[in-house]
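*Asks:* The structure is given below, and queries will be raised subsequently.
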Amino acid sequence: LDKYDERMMVGEIYLPNEELVKYYGRNFDECHLPFNFQLIHLPWNAPTVHQAVDAYEAALPKGAWPNWVLGNHDRHRVASRVGQAQACVANMLLLTLRGTPTTYYGEEIGMENVPIPPEMVQDPPARNQPEIAHIVGRDPERTPMQWDSSPNSGFATKGVKTWLPLAADYAVHNVARQSQDPTSMLSLYRALTSLRRAEPALSVGDYASVDSGVDEVFAYVRTAQNADHFLVVLNFGGGAHRLNLNRLASSATIAISTDMMRAGQLDLSKLSLGPNEGLVLRLARAER
C-alpha cells in the first residue's frame, strides 16, 4: 500500500476496543480504519449505545480517526433488527457520530431481510446445515438492491433470474419512489449526508455525550472551532419525553428531524421529543 500516494486500508477485525485500536499502529502507519462493528452486535437501547460510544472514544489513541458500521452482509438488516422507525434513528446516529460512517447497501431506504425459499438458498453455511438455515444463513440480508418498481427492481433486466429473490414489497419500497417523497428514509439519509459535508462540527468536529436525564434518550454534542455546534437527541423508545437541556443553550434550531417535517426554533428547557424521534439541533452561537 505504501507504493500509492493516496491509499486507505480498512480492516475487518472483530475485536474488543483495547485490541482493535492496536491495529492503527504505533505511528498510525498500519490500518487506517480498523472496522468498529459494535453497533451491529449491541442490544439496541440508549444506555448500551451511549456507554459503547463513550468507551470507544476513550479507547482511541490520541489522533486516531474513529469509524462506525451499522450493518453488513453477515448480519440481519438494521430495519429487521430494530424496526423501521428506529432504523431512521439508527441512520441519524451513524451519520452524526464522530468518524467515518459505513452503510451497507439498502440501509438508506430501510430494506429488510427477505425470506429465502429452500430451493434458492445460496449461502454455504445454510446449504450445509438446512435444518438451521434460518439461523446461520446470510442470504436474507443479501438480496438485490431495490432501485425502482420495474421487473427485477432495476437490479437486473427483465426475464433474468436473480441469484436471490427480491423483496415482496420492492415495487413500493425502492429508491425511485423514496426519491419522490420528502419524508422518506432516503430523503432523511440524503439530508444527513449533505449536512455532514457542509458542517465542520459534524464532519471533523469533537464529540461529547450529554446526560439527557431520560434512560431512553441518547444525546451528544458535536463541536468545532469557528463553526456552528450541534446537539443530537435520539429517542430509542416508543414513548414521548420532555427534556431540560438549557445548560447547553437556551434555544436551538431544528436542522433535521427523523420525520423530515419538524422545523423551527426550540426552547431547550422544555424540549419535547416524540416516540422514535431523532433531532439534529443547531445551537445558538451567541450563547456558547
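Residues are named by chain letter and number: chains run A, B, ... in the order of the C-alpha cells, numbers start at 1 in each chain, and ligands are numbered from 1 in the order shown.
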Got a sec: who's within 8 Å of Leu231 (chain A), counting only C-alpha atoms, leaving out chain neighbours fewer than 4 positions off, as a PyMOL selection string?
*Replies:* chain A and resi 219-222+280-283
*Asks:* With only C-alpha atoms as the counted atoms, please give the residues lying no more than 7 Å from region 22-33 of chain A, apart from itself and same-chain residues fewer than 3 positions off, as a VMD selection string.
*Replies:* chain A and resid 8 to 11 19 67
*Asks:* Next, write the just-selected residues to a file, as a tab-separated table (two decimals), in the first residue's frame, keeping C-alpha atoms as the atom set.
*Replies:*
```tsv
chain	number	residue	atom	x	y	z
A	8	MET	CA	-6.76	3.86	2.68
A	9	MET	CA	-6.84	0.45	4.36
A	10	VAL	CA	-9.90	-0.92	6.15
A	11	GLY	CA	-9.54	-3.88	8.49
A	19	GLU	CA	-7.34	-4.91	20.95
A	67	ASN	CA	-15.36	4.81	12.39
```
*Asks:* Just want the 12 Å neighbourhood of Ala85 (chain A), counted on only C-alpha atoms, with same-chain residues fewer than 5 positions away dropped. Output as a list in words.
*Replies:*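 After dropping sequence-adjacent residues, the list is Val78, Ala79, Ser80, Ala90, Asn91, Met92, Ile109, Gly110, Ser184, Met185, Leu234, Asn235, Phe236, Gly237, Gly238, Thr258, Asp259, Gly274, Pro275, Asn276, Glu277 and Gly278 of chain A.
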*Asks:* For Asp123 (chain A), which residue out of A:Leu164, A:Ala255, A:Val233, A:Ala59 is the nearest one, using only C-alpha atoms?
*Replies:*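 Closest candidate: A:Leu164.
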*Asks:* List every residue of region 108-235 of chain A that DSSP, applied to the backbone of this structure, assigns to helix (DSSP H, G or I), and report them as a PyMOL selection string.
*Replies:* chain A and resi 108-109+118-120+124-128+130-136+139-141+151-154+175-179+185-198+200-203
*Asks:* Please measure the separation of CA of Ser269 (chain A) and CA of Ile256 (chain A), giving the value in Å to one decimal.
*Replies:*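 Calculated distance between CA of Ser269 (chain A) and CA of Ile256 (chain A) is 19.3 Å.
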*Asks:* DSSP on the backbone: which residues in region 97-264 of chain A end up as strand (DSSP E)? Give the answer as a PyMOL selection string.
*Replies:* chain A and resi 100-102+206-210+217-223+230-235+241-243+251-257
*Asks:* Go through A:Ile116, A:Leu248, A:Val82, A:Leu20 one by one, measure the shortest atom-to-atom distance of each to Tyr56 (chain A) using only C-alpha atoms, and give the residue with the smallest value.
*Replies:* A:Leu20
*Asks:* Which residue, A:Cys88, A:Ile40, A:Leu243, A:Leu166, has the smallest gap to Pro117 (chain A) when you use only C-alpha atoms?
*Replies:*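 Nearest candidate to Pro117 (chain A) out of A:Cys88, A:Ile40, A:Leu243, A:Leu166: A:Leu166.
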*Asks:* Env of region 135-138 of chain A: 8 Å cut, atoms = only C-alpha atoms, seq-sep filter 6 positions within chain, self excluded. Answer as a PyMOL selection string.
*Replies:* chain A and resi 73-76+123-126
